[in-house]
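Asks: mmCIF, C-alpha atoms, file target.cif:
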data_final
#
loop_
_atom_site.group_PDB
_atom_site.id
_atom_site.type_symbol
_atom_site.label_atom_id
_atom_site.label_comp_id
_atom_site.auth_asym_id
_atom_site.auth_seq_id
_atom_site.Cartn_x
_atom_site.Cartn_y
_atom_site.Cartn_z
ATOM 1 C CA MET A 1 58.193 14.897 -10.583
ATOM 2 C CA HIS A 2 57.541 13.656 -7.030
ATOM 3 C CA LEU A 3 56.780 9.941 -7.287
ATOM 4 C CA GLU A 4 57.361 8.897 -3.687
ATOM 5 C CA PRO A 5 54.391 7.229 -1.943
ATOM 6 C CA ASP A 6 52.573 9.985 -0.107
ATOM 7 C CA MET A 7 48.832 9.273 -0.228
ATOM 8 C CA LYS A 8 46.748 8.667 2.853
ATOM 9 C CA PHE A 9 44.009 6.017 2.919
ATOM 10 C CA LEU A 10 41.255 6.565 5.495
ATOM 11 C CA ILE A 11 39.080 3.585 6.436
ATOM 12 C CA PHE A 12 35.951 3.209 8.552
ATOM 13 C CA THR A 13 34.610 0.133 10.284
ATOM 14 C CA GLY A 14 31.085 -1.252 10.031
ATOM 15 C CA GLN A 15 28.630 -2.855 12.407
ATOM 16 C CA GLY A 16 29.855 -5.106 15.187
ATOM 17 C CA SER A 17 32.485 -2.698 16.555
ATOM 18 C CA GLN A 18 30.083 -0.986 18.975
ATOM 19 C CA PHE A 19 30.473 -1.404 22.739
ATOM 20 C CA VAL A 20 29.274 0.430 25.824
ATOM 21 C CA GLY A 21 31.792 3.168 26.678
ATOM 22 C CA MET A 22 33.008 3.664 23.097
ATOM 23 C CA ILE A 23 35.076 6.894 22.636
ATOM 24 C CA LYS A 24 34.156 8.051 26.171
ATOM 25 C CA ASP A 25 37.769 8.936 27.057
ATOM 26 C CA LEU A 26 38.077 11.024 23.863
ATOM 27 C CA TYR A 27 34.736 12.695 24.624
ATOM 28 C CA ASP A 28 35.953 13.612 28.106
ATOM 29 C CA ASN A 29 39.176 15.140 26.759
ATOM 30 C CA PHE A 30 38.291 16.964 23.539
ATOM 31 C CA ASP A 31 35.672 19.608 22.769
ATOM 32 C CA ILE A 32 35.581 18.663 19.069
ATOM 33 C CA VAL A 33 34.455 15.132 20.023
ATOM 34 C CA LYS A 34 31.744 16.598 22.278
ATOM 35 C CA LYS A 35 30.630 18.834 19.403
ATOM 36 C CA VAL A 36 30.257 15.909 16.957
ATOM 37 C CA VAL A 37 28.371 13.787 19.505
ATOM 38 C CA LYS A 38 26.055 16.726 20.300
ATOM 39 C CA LYS A 39 25.251 17.140 16.574
ATOM 40 C CA ALA A 40 24.393 13.443 16.305
ATOM 41 C CA ASN A 41 22.181 13.603 19.408
ATOM 42 C CA GLU A 42 20.268 16.524 17.943
ATOM 43 C CA SER A 43 19.566 14.690 14.699
ATOM 44 C CA LEU A 44 17.788 11.801 16.487
ATOM 45 C CA SER A 45 14.771 11.648 18.721
ATOM 46 C CA PHE A 46 16.679 10.021 21.603
ATOM 47 C CA ASN A 47 19.934 10.478 23.530
ATOM 48 C CA LEU A 48 22.424 8.504 21.445
ATOM 49 C CA SER A 49 25.448 9.461 23.566
ATOM 50 C CA ASN A 50 23.825 8.093 26.732
ATOM 51 C CA LEU A 51 23.381 4.763 24.956
ATOM 52 C CA MET A 52 26.975 4.857 23.638
ATOM 53 C CA PHE A 53 28.508 5.643 27.029
ATOM 54 C CA ASN A 54 26.153 3.917 29.477
ATOM 55 C CA GLY A 55 24.274 1.239 27.525
ATOM 56 C CA PRO A 56 22.617 -1.081 28.118
ATOM 57 C CA SER A 57 24.523 -3.287 25.697
ATOM 58 C CA SER A 58 21.285 -5.100 24.754
ATOM 59 C CA GLU A 59 19.960 -1.801 23.342
ATOM 60 C CA LEU A 60 23.208 -0.627 21.767
ATOM 61 C CA VAL A 61 23.618 -3.852 19.774
ATOM 62 C CA LEU A 62 20.257 -3.337 18.035
ATOM 63 C CA THR A 63 20.957 -2.399 14.443
ATOM 64 C CA GLN A 64 19.080 0.910 14.469
ATOM 65 C CA ASN A 65 21.152 2.058 17.469
ATOM 66 C CA ALA A 66 24.507 0.493 16.633
ATOM 67 C CA GLN A 67 24.688 2.063 13.169
ATOM 68 C CA PRO A 68 24.340 5.753 14.189
ATOM 69 C CA ALA A 69 26.541 5.106 17.255
ATOM 70 C CA ILE A 70 29.418 3.683 15.192
ATOM 71 C CA LEU A 71 29.109 6.422 12.562
ATOM 72 C CA THR A 72 29.147 9.119 15.261
ATOM 73 C CA ALA A 73 32.185 7.617 16.992
ATOM 74 C CA SER A 74 34.021 7.270 13.664
ATOM 75 C CA ILE A 75 33.402 10.863 12.570
ATOM 76 C CA ALA A 76 34.215 12.216 16.038
ATOM 77 C CA ILE A 77 37.660 10.582 15.785
ATOM 78 C CA PHE A 78 38.177 11.811 12.215
ATOM 79 C CA GLU A 79 37.251 15.385 13.203
ATOM 80 C CA LEU A 80 39.633 15.146 16.158
ATOM 81 C CA LEU A 81 42.518 14.156 13.854
ATOM 82 C CA LYS A 82 41.573 16.911 11.437
ATOM 83 C CA SER A 83 41.260 19.709 14.008
ATOM 84 C CA GLU A 84 44.105 18.763 16.362
ATOM 85 C CA LEU A 85 46.668 17.345 13.904
ATOM 86 C CA GLY A 86 45.673 18.832 10.551
ATOM 87 C CA PHE A 87 45.119 15.306 9.230
ATOM 88 C CA ASP A 88 43.632 14.972 5.750
ATOM 89 C CA PHE A 89 43.247 12.043 3.366
ATOM 90 C CA ASP A 90 43.294 11.282 -0.351
ATOM 91 C CA ILE A 91 41.378 8.008 -0.555
ATOM 92 C CA SER A 92 38.681 6.548 1.666
ATOM 93 C CA ALA A 93 36.617 3.393 1.926
ATOM 94 C CA GLY A 94 34.230 2.230 4.607
ATOM 95 C CA HIS A 95 33.132 -1.305 5.355
ATOM 96 C CA SER A 96 29.338 -1.465 4.832
ATOM 97 C CA LEU A 97 27.938 1.153 7.240
ATOM 98 C CA GLY A 98 31.443 2.651 7.164
ATOM 99 C CA GLN A 99 30.807 3.906 3.635
ATOM 100 C CA TYR A 100 28.489 6.529 5.152
ATOM 101 C CA SER A 101 31.350 7.621 7.440
ATOM 102 C CA SER A 102 33.626 7.917 4.378
ATOM 103 C CA LEU A 103 31.093 10.158 2.683
ATOM 104 C CA VAL A 104 30.719 12.396 5.753
ATOM 105 C CA ALA A 105 34.511 12.731 6.004
ATOM 106 C CA ALA A 106 34.630 13.636 2.297
ATOM 107 C CA GLY A 107 31.949 16.311 2.695
ATOM 108 C CA SER A 108 29.440 14.459 0.544
ATOM 109 C CA LEU A 109 26.994 13.969 3.437
ATOM 110 C CA GLU A 110 26.341 16.159 6.466
ATOM 111 C CA LEU A 111 26.763 14.282 9.748
ATOM 112 C CA GLU A 112 23.156 14.928 10.811
ATOM 113 C CA ASP A 113 21.802 13.567 7.507
ATOM 114 C CA ALA A 114 24.046 10.505 7.660
ATOM 115 C CA VAL A 115 23.024 9.720 11.269
ATOM 116 C CA PHE A 116 19.355 10.055 10.283
ATOM 117 C CA ALA A 117 19.918 7.819 7.230
ATOM 118 C CA VAL A 118 21.737 5.016 9.061
ATOM 119 C CA TYR A 119 19.251 5.056 11.949
ATOM 120 C CA ASN A 120 16.543 4.331 9.388
ATOM 121 C CA ARG A 121 18.786 1.888 7.515
ATOM 122 C CA GLY A 122 19.235 -0.051 10.741
ATOM 123 C CA LYS A 123 15.513 0.068 11.553
ATOM 124 C CA TYR A 124 14.525 -1.205 8.103
ATOM 125 C CA MET A 125 17.160 -3.943 8.206
ATOM 126 C CA GLN A 126 15.834 -5.097 11.560
ATOM 127 C CA GLU A 127 12.260 -5.118 10.239
ATOM 128 C CA ALA A 128 13.258 -7.124 7.129
ATOM 129 C CA VAL A 129 14.086 -10.232 9.161
ATOM 130 C CA SER A 130 12.656 -10.759 12.639
ATOM 131 C CA VAL A 131 15.150 -10.985 15.504
ATOM 132 C CA GLY A 132 16.188 -14.601 15.981
ATOM 133 C CA LEU A 133 15.521 -15.745 12.396
ATOM 134 C CA GLY A 134 18.708 -14.477 10.785
ATOM 135 C CA ALA A 135 22.386 -14.895 11.609
ATOM 136 C CA MET A 136 25.888 -14.039 10.434
ATOM 137 C CA MET A 137 29.049 -16.070 10.857
ATOM 138 C CA ALA A 138 32.735 -15.486 10.175
ATOM 139 C CA VAL A 139 34.666 -18.237 8.430
ATOM 140 C CA ILE A 140 38.456 -18.202 8.844
ATOM 141 C CA GLY A 141 40.407 -20.319 6.371
ATOM 142 C CA ASN A 142 41.654 -20.689 2.811
ATOM 143 C CA ASN A 143 38.557 -22.326 1.342
ATOM 144 C CA ILE A 144 36.381 -19.461 0.094
ATOM 145 C CA LYS A 145 35.327 -21.277 -3.113
ATOM 146 C CA GLU A 146 34.267 -24.389 -1.179
ATOM 147 C CA VAL A 147 32.176 -22.278 1.235
ATOM 148 C CA GLU A 148 30.529 -20.478 -1.715
ATOM 149 C CA ASP A 149 29.601 -23.873 -3.187
ATOM 150 C CA LEU A 150 28.190 -25.098 0.134
ATOM 151 C CA CYS A 151 26.035 -21.949 0.413
ATOM 152 C CA LYS A 152 24.579 -22.617 -3.066
ATOM 153 C CA GLU A 153 23.843 -26.230 -2.165
ATOM 154 C CA ILE A 154 22.221 -25.430 1.193
ATOM 155 C CA SER A 155 20.192 -22.556 -0.328
ATOM 156 C CA LYS A 156 18.411 -24.915 -2.738
ATOM 157 C CA ASP A 157 15.958 -25.142 0.160
ATOM 158 C CA LYS A 158 14.905 -21.483 0.403
ATOM 159 C CA ASP A 159 14.164 -21.841 4.130
ATOM 160 C CA PHE A 160 17.880 -22.538 4.655
ATOM 161 C CA TYR A 161 19.129 -19.649 2.487
ATOM 162 C CA CYS A 162 22.661 -18.416 3.219
ATOM 163 C CA ASP A 163 25.294 -16.600 1.163
ATOM 164 C CA ILE A 164 28.601 -14.767 1.373
ATOM 165 C CA ALA A 165 28.022 -11.271 2.793
ATOM 166 C CA ASN A 166 31.591 -9.967 3.173
ATOM 167 C CA TYR A 167 34.874 -10.845 1.513
ATOM 168 C CA ASN A 168 37.026 -9.329 4.254
ATOM 169 C CA ALA A 169 40.485 -10.820 3.719
ATOM 170 C CA PRO A 170 42.082 -13.667 1.746
ATOM 171 C CA THR A 171 41.423 -15.912 4.752
ATOM 172 C CA GLN A 172 38.232 -14.360 6.178
ATOM 173 C CA ILE A 173 34.695 -14.209 4.852
ATOM 174 C CA ILE A 174 31.331 -13.564 6.518
ATOM 175 C CA VAL A 175 28.227 -15.542 5.639
ATOM 176 C CA SER A 176 24.698 -14.286 6.151
ATOM 177 C CA GLY A 177 21.206 -15.755 5.950
ATOM 178 C CA TYR A 178 18.620 -17.700 7.908
ATOM 179 C CA LYS A 179 19.896 -19.001 11.239
ATOM 180 C CA LYS A 180 19.123 -22.618 10.383
ATOM 181 C CA GLY A 181 20.959 -22.326 7.055
ATOM 182 C CA ILE A 182 23.989 -20.829 8.814
ATOM 183 C CA ALA A 183 23.854 -23.638 11.413
ATOM 184 C CA LYS A 184 23.844 -26.246 8.630
ATOM 185 C CA LEU A 185 26.755 -24.485 6.921
ATOM 186 C CA GLN A 186 28.693 -24.349 10.199
ATOM 187 C CA SER A 187 28.248 -28.073 10.677
ATOM 188 C CA LEU A 188 29.394 -28.867 7.105
ATOM 189 C CA ILE A 189 32.433 -26.586 7.406
ATOM 190 C CA LYS A 190 33.446 -28.423 10.571
ATOM 191 C CA GLU A 191 32.734 -31.816 9.054
ATOM 192 C CA ASN A 192 34.842 -31.034 5.954
ATOM 193 C CA ASN A 193 37.590 -29.226 7.883
ATOM 194 C CA LEU A 194 37.139 -26.046 5.824
ATOM 195 C CA GLY A 195 38.095 -23.547 8.532
ATOM 196 C CA LYS A 196 37.191 -22.010 11.848
ATOM 197 C CA THR A 197 33.733 -20.483 12.341
ATOM 198 C CA ILE A 198 32.659 -17.690 14.709
ATOM 199 C CA MET A 199 29.036 -16.585 15.146
ATOM 200 C CA LEU A 200 28.691 -12.789 15.080
ATOM 201 C CA ASP A 201 26.818 -10.663 17.614
ATOM 202 C CA VAL A 202 24.444 -8.959 15.160
ATOM 203 C CA SER A 203 20.674 -8.691 15.148
ATOM 204 C CA ALA A 204 20.023 -9.120 11.403
ATOM 205 C CA PRO A 205 21.574 -10.921 8.382
ATOM 206 C CA PHE A 206 23.171 -8.118 6.353
ATOM 207 C CA HIS A 207 24.372 -7.956 2.730
ATOM 208 C CA CYS A 208 22.318 -10.813 1.369
ATOM 209 C CA LYS A 209 19.036 -11.051 -0.552
ATOM 210 C CA LEU A 210 17.020 -11.131 2.696
ATOM 211 C CA MET A 211 17.745 -7.380 2.835
ATOM 212 C CA GLU A 212 16.143 -6.630 -0.561
ATOM 213 C CA PRO A 213 12.956 -5.113 1.004
ATOM 214 C CA VAL A 214 15.191 -2.445 2.576
ATOM 215 C CA VAL A 215 16.347 -1.025 -0.779
ATOM 216 C CA GLU A 216 13.083 0.681 -1.756
ATOM 217 C CA LYS A 217 12.644 2.176 1.722
ATOM 218 C CA MET A 218 16.194 3.516 1.761
ATOM 219 C CA GLN A 219 15.696 5.028 -1.696
ATOM 220 C CA LYS A 220 13.105 7.348 -0.121
ATOM 221 C CA VAL A 221 15.411 8.228 2.790
ATOM 222 C CA LEU A 222 18.345 9.004 0.483
ATOM 223 C CA ASP A 223 16.072 11.022 -1.818
ATOM 224 C CA SER A 224 15.171 13.184 1.186
ATOM 225 C CA ILE A 225 18.741 14.234 2.067
ATOM 226 C CA LYS A 226 21.313 16.327 0.243
ATOM 227 C CA ILE A 227 24.220 14.444 -1.319
ATOM 228 C CA ASN A 228 27.113 16.577 -2.541
ATOM 229 C CA PRO A 229 29.646 15.582 -5.192
ATOM 230 C CA THR A 230 33.143 14.914 -3.840
ATOM 231 C CA ASN A 231 36.666 15.347 -5.190
ATOM 232 C CA LYS A 232 38.102 12.726 -2.843
ATOM 233 C CA ILE A 233 38.694 9.183 -4.084
ATOM 234 C CA ILE A 234 35.850 7.240 -2.425
ATOM 235 C CA ILE A 235 35.735 3.499 -3.159
ATOM 236 C CA GLU A 236 32.319 1.835 -2.952
ATOM 237 C CA ASN A 237 31.700 -1.635 -1.522
ATOM 238 C CA VAL A 238 30.138 -3.753 -4.252
ATOM 239 C CA ASN A 239 32.263 -3.191 -7.377
ATOM 240 C CA SER A 240 35.146 -1.142 -5.908
ATOM 241 C CA ASN A 241 34.274 1.736 -8.236
ATOM 242 C CA ILE A 242 35.264 5.319 -7.443
ATOM 243 C CA ILE A 243 32.104 7.320 -6.755
ATOM 244 C CA LYS A 244 31.987 11.090 -7.204
ATOM 245 C CA SER A 245 28.567 12.308 -8.376
ATOM 246 C CA PRO A 246 25.485 12.401 -6.104
ATOM 247 C CA GLN A 247 23.760 9.817 -8.321
ATOM 248 C CA GLU A 248 26.725 7.395 -8.179
ATOM 249 C CA ILE A 249 26.955 7.842 -4.426
ATOM 250 C CA LYS A 250 23.252 7.237 -3.853
ATOM 251 C CA GLN A 251 23.215 4.158 -6.114
ATOM 252 C CA SER A 252 26.234 2.659 -4.353
ATOM 253 C CA LEU A 253 24.534 3.066 -0.952
ATOM 254 C CA LEU A 254 21.478 1.241 -2.284
ATOM 255 C CA ASP A 255 23.515 -1.498 -4.004
ATOM 256 C CA GLN A 256 25.440 -2.445 -0.874
ATOM 257 C CA ILE A 257 22.300 -3.193 1.180
ATOM 258 C CA ALA A 258 21.586 -6.633 -0.288
ATOM 259 C CA LYS A 259 24.895 -7.406 -2.028
ATOM 260 C CA PRO A 260 28.229 -8.557 -0.587
ATOM 261 C CA VAL A 261 30.888 -6.141 0.598
ATOM 262 C CA ARG A 262 34.062 -6.931 -1.350
ATOM 263 C CA TRP A 263 36.468 -5.407 1.133
ATOM 264 C CA ILE A 264 39.497 -7.278 -0.267
ATOM 265 C CA ASP A 265 38.855 -5.613 -3.647
ATOM 266 C CA ASN A 266 38.298 -2.213 -1.978
ATOM 267 C CA VAL A 267 41.693 -2.415 -0.283
ATOM 268 C CA ASN A 268 43.448 -3.653 -3.445
ATOM 269 C CA LYS A 269 41.933 -0.754 -5.387
ATOM 270 C CA ALA A 270 43.288 1.728 -2.833
ATOM 271 C CA LEU A 271 46.694 0.047 -2.845
ATOM 272 C CA SER A 272 46.935 0.549 -6.605
ATOM 273 C CA TYR A 273 47.732 4.165 -5.587
ATOM 274 C CA PRO A 274 50.991 5.139 -3.832
ATOM 275 C CA ILE A 275 49.708 4.792 -0.245
ATOM 276 C CA GLU A 276 52.107 5.621 2.597
ATOM 277 C CA LEU A 277 49.651 5.627 5.493
ATOM 278 C CA ILE A 278 46.392 3.830 6.320
ATOM 279 C CA VAL A 279 44.327 5.243 9.195
ATOM 280 C CA GLU A 280 41.208 3.619 10.641
ATOM 281 C CA CYS A 281 38.727 5.658 12.685
ATOM 282 C CA GLY A 282 36.095 3.796 14.692
ATOM 283 C CA PRO A 283 35.166 2.348 18.092
ATOM 284 C CA LYS A 284 37.624 -0.566 17.609
ATOM 285 C CA ASP A 285 40.613 -1.177 15.331
ATOM 286 C CA VAL A 286 38.905 -4.100 13.554
ATOM 287 C CA LEU A 287 39.962 -3.348 9.971
ATOM 288 C CA SER A 288 43.476 -2.107 10.707
ATOM 289 C CA VAL A 289 44.308 -5.244 12.721
ATOM 290 C CA MET A 290 43.091 -7.364 9.803
ATOM 291 C CA LEU A 291 45.075 -5.295 7.274
ATOM 292 C CA LYS A 292 48.299 -5.579 9.272
ATOM 293 C CA ARG A 293 48.244 -9.336 8.624
ATOM 294 C CA ASN A 294 48.023 -8.916 4.857
ATOM 295 C CA VAL A 295 49.463 -5.523 3.873
ATOM 296 C CA LYS A 296 53.200 -4.914 4.213
ATOM 297 C CA ASN A 297 55.380 -1.803 3.767
ATOM 298 C CA VAL A 298 52.572 0.617 4.655
ATOM 299 C CA ASN A 299 52.150 2.259 8.058
ATOM 300 C CA ILE A 300 48.729 1.209 9.424
ATOM 301 C CA SER A 301 47.127 2.832 12.484
ATOM 302 C CA GLY A 302 43.792 2.251 14.172
ATOM 303 C CA ILE A 303 42.548 5.152 16.321
ATOM 304 C CA PHE A 304 39.750 4.283 18.717
ATOM 305 C CA ASP A 305 40.578 5.707 22.163
ATOM 306 C CA LEU A 306 42.836 8.210 23.939
ATOM 307 C CA LYS A 307 45.822 5.869 24.115
ATOM 308 C CA SER A 308 45.746 4.995 20.397
ATOM 309 C CA TYR A 309 45.240 8.687 19.512
ATOM 310 C CA ASN A 310 48.288 9.708 21.569
ATOM 311 C CA THR A 311 50.393 6.909 20.069
ATOM 312 C CA PHE A 312 49.445 8.034 16.567
ATOM 313 C CA ARG A 313 50.092 11.695 17.370
ATOM 314 C CA GLU A 314 53.462 11.098 19.015
ATOM 315 C CA SER A 315 55.009 8.284 16.985
ATOM 316 C CA VAL A 316 53.293 8.176 13.583
ATOM 317 C CA TRP A 317 51.936 11.583 12.632
ATOM 318 C CA VAL A 318 55.021 13.480 13.735
ATOM 319 C CA THR A 319 57.058 11.599 11.088
ATOM 320 C CA LYS A 320 54.365 11.702 8.372
ATOM 321 C CA ALA A 321 53.127 15.277 8.627
ATOM 322 C CA VAL A 322 54.551 17.637 6.058
#
Produce structure tokens that represent the structure in this file.

Replies:
Amino acid sequence: MHLEPDMKFLIFTGQGSQFVGMIKDLYDNFDIVKKVVKKANESLSFNLSNLMFNGPSSELVLTQNAQPAILTASIAIFELLKSELGFDFDISAGHSLGQYSSLVAAGSLELEDAVFAVYNRGKYMQEAVSVGLGAMMAVIGNNIKEVEDLCKEISKDKDFYCDIANYNAPTQIIVSGYKKGIAKLQSLIKENNLGKTIMLDVSAPFHCKLMEPVVEKMQKVLDSIKINPTNKIIIENVNSNIIKSPQEIKQSLLDQIAKPVRWIDNVNKALSYPIELIVECGPKDVLSVMLKRNVKNVNISGIFDLKSYNTFRESVWVTKAV
């Protein structure tokens, strides 16, 4: 029996990785990338690719635009790997929005349906909390429990509500909530020397209870699109369960809206399988850079532009392809 590690883990980034000019060099060089972008354009009522390639940045960063743009870029890269290199995967997980990309790659969602869904997801998230009222902040350090406790204490005043939104790595979490609650938390973290804080460039506070009004609206959107069962191992964000049936998939997409993304657990679940290669597709190599700090003895590649694609093709895939 062949017991050598040989499984491939495909990961997709979430919001925050968008930037003006994303995947433009791949678009200019590959017809398959043009084809994916054209499909995404046709599923929306505006020219998404113009926004992706030319901006302005102030429009691209808006949640309802950033989400379909990142998904489109991610799937364009995946389809490029698939068509040009014959790349396939065994396991996939996506960070937040990235879960939709995972499901498109696995054939559970059609690209056009996913783009339509995340455009609405972004719109509803933006409507849930007015621009300027919410905020998100990264906390780098080894004091996750202490930060959780501070969030509970601060949130006793509901106008200062904040909570953990993402458990990204053993030394990185993201907090989400009202801007004034996040500001208070930032000050207490500094005061108590609990780590480094970085405010995130997002337009709404994701993955916390302020997003609860979005769930019912997204139920209607997801009810309106076709979700296929999948035979791939897809790991969902909230409980790190493997989702296969349309009902499980739909429920997981609803659950992750107002609950934290437990990315550390997602990765650990994948690594319980014999993984030999981790590949990230997206506008930036956010997740793969983070994983390289914590995961050893596995080849990890982030593919986000022409240079990283060529590096993967020439120095990684040539040794991994069978």

Asks: Using all atoms listed in the file, collect all residues at a distance of at most 12 Å from (28.3, 9.9, 4.6) as written in the file, then present them as a ChimeraX atom specification.

Replies: /A:12,68,71-72,74-75,92-94,96-118,222,225-230,234,236,246,249-250,252-253

Asks: Output the selection as a PDB file, in the frame of the given file - C-alpha atoms for each residue.

Replies:
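Once written, selection_9.pdb looks like this:
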ATOM      1  CA  PHE A  12      35.951   3.209   8.552  1.00  0.00           C
ATOM      2  CA  PRO A  68      24.340   5.753  14.189  1.00  0.00           C
ATOM      3  CA  LEU A  71      29.109   6.422  12.562  1.00  0.00           C
ATOM      4  CA  THR A  72      29.147   9.119  15.261  1.00  0.00           C
ATOM      5  CA  SER A  74      34.021   7.270  13.664  1.00  0.00           C
ATOM      6  CA  ILE A  75      33.402  10.863  12.570  1.00  0.00           C
ATOM      7  CA  SER A  92      38.681   6.548   1.666  1.00  0.00           C
ATOM      8  CA  ALA A  93      36.617   3.393   1.926  1.00  0.00           C
ATOM      9  CA  GLY A  94      34.230   2.230   4.607  1.00  0.00           C
ATOM     10  CA  SER A  96      29.338  -1.465   4.832  1.00  0.00           C
ATOM     11  CA  LEU A  97      27.938   1.153   7.240  1.00  0.00           C
ATOM     12  CA  GLY A  98      31.443   2.651   7.164  1.00  0.00           C
ATOM     13  CA  GLN A  99      30.807   3.906   3.635  1.00  0.00           C
ATOM     14  CA  TYR A 100      28.489   6.529   5.152  1.00  0.00           C
ATOM     15  CA  SER A 101      31.350   7.621   7.440  1.00  0.00           C
ATOM     16  CA  SER A 102      33.626   7.917   4.378  1.00  0.00           C
ATOM     17  CA  LEU A 103      31.093  10.158   2.683  1.00  0.00           C
ATOM     18  CA  VAL A 104      30.719  12.396   5.753  1.00  0.00           C
ATOM     19  CA  ALA A 105      34.511  12.731   6.004  1.00  0.00           C
ATOM     20  CA  ALA A 106      34.630  13.636   2.297  1.00  0.00           C
ATOM     21  CA  GLY A 107      31.949  16.311   2.695  1.00  0.00           C
ATOM     22  CA  SER A 108      29.440  14.459   0.544  1.00  0.00           C
ATOM     23  CA  LEU A 109      26.994  13.969   3.437  1.00  0.00           C
ATOM     24  CA  GLU A 110      26.341  16.159   6.466  1.00  0.00           C
ATOM     25  CA  LEU A 111      26.763  14.282   9.748  1.00  0.00           C
ATOM     26  CA  GLU A 112      23.156  14.928  10.811  1.00  0.00           C
ATOM     27  CA  ASP A 113      21.802  13.567   7.507  1.00  0.00           C
ATOM     28  CA  ALA A 114      24.046  10.505   7.660  1.00  0.00           C
ATOM     29  CA  VAL A 115      23.024   9.720  11.269  1.00  0.00           C
ATOM     30  CA  PHE A 116      19.355  10.055  10.283  1.00  0.00           C
ATOM     31  CA  ALA A 117      19.918   7.819   7.230  1.00  0.00           C
ATOM     32  CA  VAL A 118      21.737   5.016   9.061  1.00  0.00           C
ATOM     33  CA  LEU A 222      18.345   9.004   0.483  1.00  0.00           C
ATOM     34  CA  ILE A 225      18.741  14.234   2.067  1.00  0.00           C
ATOM     35  CA  LYS A 226      21.313  16.327   0.243  1.00  0.00           C
ATOM     36  CA  ILE A 227      24.220  14.444  -1.319  1.00  0.00           C
ATOM     37  CA  ASN A 228      27.113  16.577  -2.541  1.00  0.00           C
ATOM     38  CA  PRO A 229      29.646  15.582  -5.192  1.00  0.00           C
ATOM     39  CA  THR A 230      33.143  14.914  -3.840  1.00  0.00           C
ATOM     40  CA  ILE A 234      35.850   7.240  -2.425  1.00  0.00           C
ATOM     41  CA  GLU A 236      32.319   1.835  -2.952  1.00  0.00           C
ATOM     42  CA  PRO A 246      25.485  12.401  -6.104  1.00  0.00           C
ATOM     43  CA  ILE A 249      26.955   7.842  -4.426  1.00  0.00           C
ATOM     44  CA  LYS A 250      23.252   7.237  -3.853  1.00  0.00           C
ATOM     45  CA  SER A 252      26.234   2.659  -4.353  1.00  0.00           C
ATOM     46  CA  LEU A 253      24.534   3.066  -0.952  1.00  0.00           C
TER      47      LEU A 253
END

Asks: Which residue out of A:Asn297, A:Gln64, A:Ser17, A:Asn310 has the minimum interatomic distance to Phe46 of chain A when all atoms listed in the file are used?

Replies: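 Closest candidate: A:Gln64.
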
Asks: Report as number ranges by chain the full result of the PyMOL selection byres ((chain A and resi 277-289) around 9) when it is applied to this structure.

Replies: A: 5-14, 17-19, 22-23, 70-78, 95, 98, 168, 275-276, 290-293, 298-305, 320

Asks: Go through the shown structure with the PyMOL selection byres ((chain A and resi 174) around 6) and write out the matching residues as a PyMOL selection string.

Replies: chain A and resi 137-138+164-166+173+175

Asks: Show me, as CSV, the residues of segment 65-89 of chain A having an atom within 9 Å of segment 121-128 of chain A, each with the closest atom pair and its distance in Å, using all atoms listed in the file.

Replies:
residue,atom,partner,partner_atom,distance
A:Asn65,CA,A:Gly122,CA,7.3
A:Ala66,CA,A:Gly122,CA,7.9
A:Gln67,CA,A:Gly122,CA,6.3
A:Pro68,CA,A:Gly122,CA,8.5

Asks: Go ahead and fit an axis-aligned box to every listed atom of segment 23-41 of chain A plus 5 Å each side, and pass me the centre and edge lengths in Å, one decimal, as AutoDock Vina command-line options.

Replies:
--center_x 30.7 --center_y 13.3 --center_z 22.2 --size_x 27.0 --size_y 22.7 --size_z 21.8

Asks: Between atom CA of Lys179 of chain A and atom CA of Gly55 of chain A, what is the spacing in Å?

Replies: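 A separation of 26.3 Å between them.
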
Asks: Just the residues within 9 Å of Lys232 of chain A, please, counting all atoms listed in the file, with nothing from its chain fewer than 4 positions along; format it as a compact mmCIF listing (two decimals) with C-alpha atoms, in the frame of the given file.

Replies:
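The result, written out as out_10.txt:
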# COMPACT_ATOMS: atom_id res chain seq x y z
CA PHE A 89 43.25 12.04 3.37
CA ASP A 90 43.29 11.28 -0.35
CA ILE A 91 41.38 8.01 -0.56
CA SER A 92 38.68 6.55 1.67
CA ALA A 106 34.63 13.64 2.30
CA ILE A 243 32.10 7.32 -6.76
CA LYS A 244 31.99 11.09 -7.20

Asks: From the options A:Glu216, A:Leu194, A:Leu306, A:Thr171, which residue's atoms come nearest to Asp149 of chain A, counting all atoms listed in the file?

Replies: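 Of all the options, A:Leu194 lies closest to Asp149 of chain A.
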
Asks: Given the file shown, enumerate the residues that the PyMOL selection byres ((chain A and resi 159) around 12) captures and present them as a list in words.

Replies: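 This file, filtered by the PyMOL selection byres ((chain A and resi 159) around 12), leaves Leu133, Gly134, Ile154, Ser155, Lys156, Asp157, Lys158, Phe160, Tyr161, Cys162, Gly177, Tyr178, Lys179, Lys180, Gly181, Ile182, Lys184 and Leu210 of chain A.
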
Asks: Go ahead and compute the interatomic distance for atom CA of Ser224 of chain A and atom CA of Glu79 of chain A, in Å to one decimal.

Replies: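 We find that atom CA of Ser224 of chain A and atom CA of Glu79 of chain A lie 25.2 Å from each other.
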
Asks: Which one of A:Lys152, A:Arg262, A:Lys220, A:Lys82 sits closest to Leu185 of chain A if you count all atoms listed in the file?

Replies: A:Lys152
